[in-house]
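> Pasting work00.tsv here (TSV, C-alpha atoms and all ligand atoms):
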chain	number	residue	atom	x	y	z
A	1	MET	CA	133.92	-9.71	86.55
A	2	ARG	CA	133.43	-6.79	88.87
A	3	SER	CA	136.34	-4.68	89.93
A	4	LYS	CA	135.26	-3.73	93.41
A	5	VAL	CA	138.62	-4.42	95.01
A	6	GLU	CA	139.31	-0.75	95.68
A	7	ASN	CA	136.08	-0.44	97.61
A	8	ALA	CA	136.77	-3.47	99.78
A	9	PRO	CA	136.62	-2.62	103.49
A	10	LYS	CA	139.98	-2.19	105.20
A	11	GLU	CA	139.16	-4.83	107.81
A	12	VAL	CA	139.35	-7.57	105.23
A	13	LYS	CA	142.89	-6.64	104.32
A	14	ILE	CA	143.93	-6.62	107.98
A	15	GLU	CA	142.44	-10.08	108.53
A	16	GLU	CA	144.40	-11.40	105.58
A	17	THR	CA	147.65	-9.97	106.89
A	18	LYS	CA	146.95	-11.34	110.34
A	19	LYS	CA	146.99	-14.93	109.10
A	20	GLU	CA	150.57	-14.67	107.90
A	21	LYS	CA	152.08	-14.88	111.36
A	22	HIS	CA	155.31	-16.38	110.07
A	23	MET	CA	156.20	-13.13	108.36
A	24	TYR	CA	156.52	-11.50	111.77
A	25	VAL	CA	159.01	-14.03	113.12
A	26	LYS	CA	162.09	-12.18	114.31
A	27	THR	CA	165.51	-13.40	115.38
A	28	MET	CA	164.37	-13.23	119.01
A	29	ASN	CA	161.53	-15.64	118.25
A	30	GLU	CA	163.89	-18.52	117.34
A	31	ILE	CA	161.59	-20.60	115.20
A	32	ASP	CA	162.21	-24.35	114.99
A	33	GLN	CA	161.26	-26.94	112.37
A	34	ASN	CA	157.96	-27.71	114.10
A	35	MET	CA	156.95	-24.06	113.78
A	36	ASN	CA	157.29	-23.52	117.48
A	37	ILE	CA	158.61	-20.13	118.46
A	38	LYS	CA	159.64	-18.29	121.58
A	39	CYS	CA	157.66	-15.33	122.83
A	40	TYR	CA	159.48	-12.14	121.88
A	41	CYS	CA	159.20	-10.82	125.44
A	42	CYS	CA	159.28	-13.64	127.98
A	43	ARG	CA	160.83	-16.31	125.74
A	44	SER	CA	158.22	-18.93	126.61
A	45	ASN	CA	157.48	-21.53	123.94
A	46	ILE	CA	154.43	-21.03	121.78
A	47	GLU	CA	153.09	-22.70	118.68
A	48	LEU	CA	153.15	-20.24	115.82
A	49	ALA	CA	149.81	-21.43	114.45
A	50	SER	CA	148.03	-21.58	117.79
A	51	ALA	CA	145.73	-18.94	119.23
A	52	ALA	CA	148.21	-18.55	122.08
A	53	CYS	CA	150.55	-16.83	119.67
A	54	HIS	CA	149.48	-13.21	119.59
A	55	CYS	CA	150.49	-10.47	117.22
A	56	SER	CA	151.45	-7.63	119.49
A	57	HIS	CA	151.61	-4.08	118.16
A	58	ASP	CA	154.48	-1.90	119.28
A	59	ILE	CA	152.48	1.18	118.33
A	60	PRO	CA	148.89	0.22	119.20
A	61	GLN	CA	146.37	0.24	116.39
A	62	CYS	CA	144.35	2.92	118.20
A	63	ASP	CA	147.42	5.17	117.90
A	64	GLY	CA	147.74	4.48	114.22
A	65	GLY	CA	150.03	1.47	114.47
A	66	ASP	CA	149.97	-0.68	111.36
A	67	TRP	CA	150.57	-4.32	110.46
A	68	SER	CA	154.09	-3.73	109.18
A	69	GLN	CA	156.85	-6.15	110.15
A	70	GLU	CA	158.53	-3.42	112.19
A	71	ASN	CA	155.44	-2.81	114.29
A	72	VAL	CA	154.20	-6.33	114.93
A	73	PHE	CA	155.88	-8.66	117.40
A	74	LEU	CA	154.91	-12.26	118.08
A	75	CYS	CA	154.20	-12.71	121.78
A	76	CYS	CA	152.41	-15.16	124.03
A	77	ALA	CA	148.89	-14.30	125.15
A	78	THR	CA	150.05	-13.36	128.65
A	79	CYS	CA	152.56	-10.79	127.44
A	80	ASN	CA	150.24	-9.31	124.88
A	81	GLN	CA	147.47	-8.89	127.45
A	82	ASP	CA	149.89	-7.50	130.03
A	83	MET	CA	151.28	-4.80	127.79
A	84	ALA	CA	147.91	-4.07	126.20
A	85	ASP	CA	147.91	-0.63	124.58
A	86	ALA	CA	149.70	1.00	127.48
A	87	LEU	CA	153.24	-0.20	126.89
A	88	SER	CA	155.44	-0.51	123.85
A	89	VAL	CA	157.19	-3.83	123.32
A	90	GLU	CA	160.49	-2.25	124.46
A	91	ASP	CA	158.90	-0.81	127.60
A	92	TYR	CA	157.21	-4.08	128.42
A	93	MET	CA	160.46	-5.99	128.04
A	94	THR	CA	162.26	-3.57	130.35
A	95	ASP	CA	159.42	-4.00	132.85
A	96	LEU	CA	159.66	-7.76	132.56
A	97	TYR	CA	163.43	-7.68	132.96
A	98	ILE	CA	163.20	-5.61	136.14
A	99	LYS	CA	160.50	-7.91	137.54
A	100	ILE	CA	162.58	-11.04	136.91
A	101	LYS	CA	165.65	-9.38	138.40
A	102	ASN	CA	163.73	-8.35	141.53
A	103	ASN	CA	162.24	-11.82	141.91
A	104	LYS	CA	165.69	-13.34	141.78
A	105	LYS	CA	166.95	-10.91	144.40
A	106	GLU	CA	164.09	-11.82	146.72
A	107	GLU	CA	164.74	-15.50	146.24
A	108	SER	CA	168.40	-15.22	147.10
A	109	HIS	CA	167.60	-13.27	150.28
A	110	SER	CA	165.18	-15.83	151.70
A	201	ZN	ZN	155.45	-13.93	126.68
Let me see the structure of the file written as C-alpha cells.


Amino acid sequence: MRSKVENAPKEVKIEETKKEKHMYVKTMNEIDQNMNIKCYCCRSNIELASAACHCSHDIPQCDGGDWSQENVFLCCATCNQDMADALSVEDYMTDLYIKIKNNKKEESHS
C-alpha cells in the first residue's frame, strides 16, 4: 500500500467531481424522473447524463473559479459556448432575456 494520494495531480480530482453532474442540479433545472433537466439559462430540455449537458462556471476556471455547487451551473452546450469565459451566468441570462424580449417585439411589429 502506497500513500501517494496527497501527491495526486489536481486534474484527477476535477475529473472525478465533473462526473457528479447531479450534484449541480438547481431548482431552476427542474429535474424529472428520467434524469432530464432544463438548461439553467434558456430552459431547453437536456439529458443530465448526455454530453449536451455542460457544467458552466459562473466564475471561469481561468479566473480561479472552482467546482463548488455555487459556482457550477448546468447548461446546454449552446449556452455554455455562448457565455464562454466572458460572461457570468447572471450576465448571460440577462443578455438572453433581452434578446428574447427584443425578438418578441420584432415579431409583433411585423
Ligand atoms: Zn441553454

> Using Å and a single decimal, report how far atom CA of A:Asn45 sits from atom CA of A:Asp85.

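Computing it gives 23.0 Å between the two atoms.
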
> Give as a list in words the residues surrounding ligand ZN 201 (chain A) up to a distance of 9 Å, considering only C-alpha atoms and all ligand atoms.

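These are the residues that qualify: Lys38, Cys39, Tyr40, Cys41, Cys42, Arg43, Ser44, Asn45, Ile46, Leu74, Cys75, Cys76, Ala77, Thr78, Cys79 and Asn80 of chain A.
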
> Point out the residue among A:Phe73, A:Met83, A:Glu106, A:Ile98 with the least atom-to-atom distance to A:Thr27, counting all atoms listed in the file.

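Selected residue with least distance to A:Thr27: A:Phe73.
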
> Write out as a VMD selection string the residues lying within 12 Å of A:Asn71, counting all atoms listed in the file and excluding same-chain residues fewer than 4 positions away.

chain A and resid 23 to 26 55 to 61 63 to 67 88 to 90

> Write out the residues from the selection above, keeping C-alpha atoms, as a PDB file, keeping the file's coordinate frame.


ATOM      1  CA  MET A  23     156.200 -13.130 108.360  1.00  0.00           C
ATOM      2  CA  TYR A  24     156.520 -11.500 111.770  1.00  0.00           C
ATOM      3  CA  VAL A  25     159.010 -14.030 113.120  1.00  0.00           C
ATOM      4  CA  LYS A  26     162.090 -12.180 114.310  1.00  0.00           C
ATOM      5  CA  CYS A  55     150.490 -10.470 117.220  1.00  0.00           C
ATOM      6  CA  SER A  56     151.450  -7.630 119.490  1.00  0.00           C
ATOM      7  CA  HIS A  57     151.610  -4.080 118.160  1.00  0.00           C
ATOM      8  CA  ASP A  58     154.480  -1.900 119.280  1.00  0.00           C
ATOM      9  CA  ILE A  59     152.480   1.180 118.330  1.00  0.00           C
ATOM     10  CA  PRO A  60     148.890   0.220 119.200  1.00  0.00           C
ATOM     11  CA  GLN A  61     146.370   0.240 116.390  1.00  0.00           C
ATOM     12  CA  ASP A  63     147.420   5.170 117.900  1.00  0.00           C
ATOM     13  CA  GLY A  64     147.740   4.480 114.220  1.00  0.00           C
ATOM     14  CA  GLY A  65     150.030   1.470 114.470  1.00  0.00           C
ATOM     15  CA  ASP A  66     149.970  -0.680 111.360  1.00  0.00           C
ATOM     16  CA  TRP A  67     150.570  -4.320 110.460  1.00  0.00           C
ATOM     17  CA  SER A  88     155.440  -0.510 123.850  1.00  0.00           C
ATOM     18  CA  VAL A  89     157.190  -3.830 123.320  1.00  0.00           C
ATOM     19  CA  GLU A  90     160.490  -2.250 124.460  1.00  0.00           C
TER      20      GLU A  90
END

> Using atom CA of A:Thr94 and atom CA of A:Gln81 as the two end points, give the distance in Å to one decimal.

16.0 Å

> At what distance in Å, to one decimal, does atom CA of A:Asn102 lie from atom CA of A:Glu30?

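Straight-line distance from atom CA of A:Glu30 to atom CA of A:Asn102 works out to 26.2 Å.
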
> Could you write out as AutoDock Vina command-line options the box around stretch 38-49 of chain A (axis-aligned, all atoms listed in the file, 5 Å on each side), with centre and edge lengths in Å to one decimal?


--center_x 155.3 --center_y -16.8 --center_z 121.2 --size_x 21.0 --size_y 21.9 --size_z 23.5
